[in-house]
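A.B. asks: Please find one structure pasted underneath; my questions will follow.
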4 protein chains.
Amino acid sequence: MRTIIGVMGSGRMLSAQAERTAEHLGRLIAENGWALLTGGRAAGVMDACSRGAAHAGGLVVGVLPDEDPSCASRWVDIPICTGMGDARNAVNALSSRVVVALPGGAGTLSEVALALKAGRAVIALGWDPGDAMRAAGGALLRSAETPEEAVALIVEELAE
Amino acid sequence: MRTIIGVMGSGRMLSAQAERTAEHLGRLIAENGWALLTGGRAAGVMDACSRGAAHAGGLVVGVLPDEDPSCASRWVDIPICTGMGDARNAVNALSSRVVVALPGGAGTLSEVALALKAGRAVIALGWDPGDAMRAAGGALLRSAETPEEAVALIVEELAE
Amino acid sequence: MRTIIGVMGSGRMLSAQAERTAEHLGRLIAENGWALLTGGRAAGVMDACSRGAAHAGGLVVGVLPDEDPSCASRWVDIPICTGMGDARNAVNALSSRVVVALPGGAGTLSEVALALKAGRAVIALGWDPGDAMRAAGGALLRSAETPEEAVALIVEELAE
Amino acid sequence: MRTIIGVMGSGRMLSAQAERTAEHLGRLIAENGWALLTGGRAAGVMDACSRGAAHAGGLVVGVLPDEDPSCASRWVDIPICTGMGDARNAVNALSSRVVVALPGGAGTLSEVALALKAGRAVIALGWDPGDAMRAAGGALLRSAETPEEAVALIVEELAE
């Protein structure tokens with residue numbers, strides 16, 4: 001069974017810097033032999049991170065909100081079509097052994113919260129999900145400043 | 001069609017003060033002629049708020065995580081059994097015309113985030129969901145200090 | 001807690017006869033004091049049965065596939081917006097104490113199957129769901145020729 | 001993007017013959033370069049078909065009803081944890097480019113119905129889903145007697 005690392009984050013147009021971070025994180029995930037799981041759409045963090053993983057030869061799973069894969073990022077290998085809109089965010093959270101959350105909006109925050117609710121470790125990369133989320137997450141919610149730091153934390157989590 | 005107001009919040013044992021607040025909010029919702037929607041379980045805010053609404057003659061809808069209604073609060077009139085665990089939080093958010101969020105943990109935060117993602121107005125009653133959530137919510141996310149203030153904001157939202 | 005009877009069936013234009021049957025069934029459900037649950041849309045069996053129940057003063061719950069209630073039948077009192085398309089068929093099945101299935105297409109068949117899978121009693125009214133479904137359902141799947149017969153079977157089920 | 005073929009069928013103990021059929025079908029799916037998707041559990045058709053695909057070097061996706069992968073077949077590479085019980089049957093249907101249905105019970109019938117509802121081609125292998133299902137499915141629902149025939153029909157579908 002493959003170890004699946006979920007990466008969540010903004011579905012909007014990214015800054016050049018955010019794009020590089022997401023892509024680099026995807027590359028590192030693939031290089032570590034983990035499968036990447038994202039929300040699957042051809043936008044924002046989902047697309048950039050999937051591209052990074054694909055370029056490094058990784059396997060990319062996209063859990064889509066739609067009923068068919070036409071909206072999927074071209075870097076997705078395995079499109080899971082849920083047809084359930086943002087209720088699929090719960091599937092993203094549950095299917096990830098560890099979640100890395102890049103800056104995002106309400107969708108990303110819902111995925112962080114659902115992952116914590118389900119007892120999944122969450123790593124906030126480059127942002128602060130806020131006092132309330134940190135109180136809710138306790139030791140499950142950690143922070144990283146760089147993709148490399150995030151990967152080091154994933155390694156720690158997987159060793160437990 | 002009935003106007004449905006969702007109330008989210010902790011599913012754990014409440015302080016006496018939190019219990020009173022939730023119950024009073026339920027009562028006010030019923031007195032205004034709105035149907036109350038909660039996560040339906042016999043615990044925390046769900047139970048207390050439902051009791052308040054039921055005592056005031058209101059209609060209480062409980063959207064349960066389970067496959068059968070055995071875990072439902074006794075104050076629920078209409079148990080909706082989803083069998084989908086916390087993925088049902090998306091249903092809570094979408095089915096509510098306005099969401100009032102009392103203090104809670106990761107589940108509550110996920111409901112706030114999913115409601116904002118779906119364009120629903122959210123009123124945080126007596127707590128602060130954090131900078132990230134406020135940034136994600138913009139004008140959709142407002143604050144109240146008392147159940148009466150929350151109800152006044154609901155009235156404003158419904159008038160739009 | 002209200003007893004909820006689910007009615008499933010075609011979402012397409014009905015014959016005059018099918019329309020009368022669905023409406024009459026809704027009326028009988030309301031007259032027995034049960035809440036009616038349907039898929040909620042303004043079409044076919046959902047609409048006709050809801051109208052019958054509403055005219056008899058009953059409470060109508062509509063579990064919608066959409067993210068907002070704009071597609072709901074005007075006879076729905078409580079719109080539950082799932083945003084999850086036909087995955088909501090599982091919610092229809094689980095939330096019904098007994099399911100009455102009128103003739104329908106693939107959606108109706110999925111609801112019959114999901115109800116049987118969840119151990120809910122299903123009454124096929126005026127049609128035959130086929131050998132495979134009858135084998136899968138065993139004693140849970142019964143047949144009726146008229147709304148009155150269906151109601152008699154519901155009463156039997158509720159007495160168990 | 002990988003082509004995903006869904007295989008549905010009984011989750012109970014299989015006869016030796018049914019076991020061989022499911023395993024052989026899995027092997028053929030892998031040999032054709034398609035990814036296999038099943039309901040993921042360590043039982044019945046899900047397990048046997050996944051084993052066949054895995055032995056032939058194929059990629060196996062398991063869409064699980066549970067919140068964690070502990071119930072997954074050991075032959076699953078990519079466990080998708082939905083936590084939504086049989087509502088995940090809709091995900092199985094939507095995520096499959098073509099569905100092959102082996103004999104099964106109510107769960108399998110729900111997957112056939114949901115796939116047809118979503119416009120997916122379904123191949124019933126070695127059984128008859130019944131008149132009602134055939135009427136609902138029309139040209140989308142076809143029959144095969146052997147795994148080789150099923151694969152030939154998949155090839156036809158993919159060519160369209």
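Just remember, in the structure tokens the first chain shown is A, the second B, etc., residues are 1-based per chain, and ligands are 1-based in the order shown.
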Using only C-alpha atoms and a cut-off of 9 Å, which residues of chain B sit close to chain D? Please list them as a list in words.

C.D. replies: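 Result, ordered by chain then number: Pro65, Glu67, Thr82, Gly83, Met84, Gly85, Asp86, Ala87 and Arg88 of chain B.
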
A.B. asks: Write to file, as a compact mmCIF listing (two decimals), in the first residue's frame, the residues of the selection just made, with all heavy atoms.

C.D. replies:
# COMPACT_ATOMS: atom_id res chain seq x y z
N PRO B 65 -24.16 12.11 11.70
CA PRO B 65 -23.06 11.43 11.01
C PRO B 65 -23.32 9.94 10.80
O PRO B 65 -22.65 9.31 9.99
CB PRO B 65 -21.88 11.64 11.96
CG PRO B 65 -22.49 11.86 13.30
CD PRO B 65 -23.81 12.51 13.06
N GLU B 67 -25.56 6.11 10.51
CA GLU B 67 -26.49 5.45 9.59
C GLU B 67 -27.88 5.27 10.19
O GLU B 67 -28.82 4.90 9.49
CB GLU B 67 -25.94 4.08 9.20
CG GLU B 67 -24.61 4.18 8.47
CD GLU B 67 -24.24 2.92 7.73
OE1 GLU B 67 -24.94 1.91 7.87
OE2 GLU B 67 -23.25 2.97 6.99
N THR B 82 -27.01 10.43 7.61
CA THR B 82 -26.17 10.49 6.42
C THR B 82 -25.23 9.29 6.32
O THR B 82 -24.82 8.93 5.22
CB THR B 82 -25.31 11.76 6.40
OG1 THR B 82 -24.36 11.68 7.47
CG2 THR B 82 -26.16 13.01 6.56
N GLY B 83 -24.84 8.72 7.44
CA GLY B 83 -23.87 7.63 7.40
C GLY B 83 -22.52 8.04 6.84
O GLY B 83 -21.74 7.20 6.43
N MET B 84 -22.25 9.32 6.81
CA MET B 84 -21.00 9.75 6.17
C MET B 84 -20.07 10.53 7.11
O MET B 84 -19.20 11.28 6.64
CB MET B 84 -21.26 10.52 4.88
CG MET B 84 -22.25 11.62 4.96
SD MET B 84 -22.42 12.44 3.32
CE MET B 84 -23.16 11.14 2.36
N GLY B 85 -20.22 10.30 8.38
CA GLY B 85 -19.29 10.90 9.33
C GLY B 85 -19.22 12.40 9.17
O GLY B 85 -20.24 13.07 8.98
N ASP B 86 -18.00 12.93 9.22
CA ASP B 86 -17.85 14.38 9.18
C ASP B 86 -18.02 14.97 7.79
O ASP B 86 -18.05 16.19 7.63
CB ASP B 86 -16.51 14.77 9.78
CG ASP B 86 -16.50 14.56 11.29
OD1 ASP B 86 -17.50 14.95 11.93
OD2 ASP B 86 -15.52 14.02 11.81
N ALA B 87 -18.14 14.11 6.78
CA ALA B 87 -18.49 14.66 5.46
C ALA B 87 -19.88 15.29 5.53
O ALA B 87 -20.22 16.13 4.69
CB ALA B 87 -18.44 13.58 4.39
N ARG B 88 -20.65 14.89 6.53
CA ARG B 88 -21.97 15.51 6.68
C ARG B 88 -21.87 16.97 7.10
O ARG B 88 -22.85 17.72 7.03
CB ARG B 88 -22.86 14.72 7.63
CG ARG B 88 -22.53 14.79 9.12
CD ARG B 88 -23.15 15.96 9.84
NE ARG B 88 -23.40 15.76 11.24
CZ ARG B 88 -22.48 15.80 12.20
NH1 ARG B 88 -21.20 15.99 11.94
NH2 ARG B 88 -22.86 15.66 13.46

A.B. asks: Got a sec: who's within 7 Å of Ala22 (chain D), counting only C-alpha atoms, leaving out chain neighbours fewer than 4 positions off, as an MDAnalysis selection string?

C.D. replies: chainID D and resid 18 26 45 48:49

A.B. asks: Pick out each residue of chain D that DSSP on the backbone tags as helix (DSSP H, G or I); I need them as a VMD selection string.

C.D. replies: chain D and resid 16 to 31 44 to 55 69 to 71 85 to 95 106 to 117 131 to 140 147 to 159

A.B. asks: Show me, as a VMD selection string, the residues that have an atom within 8 Å of Ile154 (chain B) when counting only C-alpha atoms, minus same-chain residues fewer than 4 positions from it.

C.D. replies: chain B and resid 98 150 158

A.B. asks: Need to verify the contact set: region 34-42 of chain D, 10 Å, only C-alpha atoms, exclusion of same-chain residues closer than 6 positions in sequence. Can you return it as JSON, numbers by chain?

C.D. replies: {"A": [77, 78, 80], "D": [2, 3, 4, 5, 6, 7, 8, 9, 11, 12, 25, 26, 27, 28, 48, 49, 50, 53, 54, 58, 59, 60, 61, 62, 63, 64, 65, 66, 69, 70, 71, 72, 73, 74, 75, 76, 77, 78, 79, 80, 81, 86, 88, 89, 91, 92, 93, 95, 96, 97, 99, 108]}

A.B. asks: Could you pull out the strand (DSSP E) residues of chain A, going by DSSP on the backbone, and write them as a VMD selection string?

C.D. replies: chain A and resid 4 to 8 35 to 38 60 to 64 78 to 81 98 to 101 121 to 125 141 to 144

A.B. asks: Rounded to one decimal, what separation in Å do you get between CA of Ala115 (chain D) and CA of Ala132 (chain D)?

C.D. replies: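 Those two atoms sit 14.8 Å apart.
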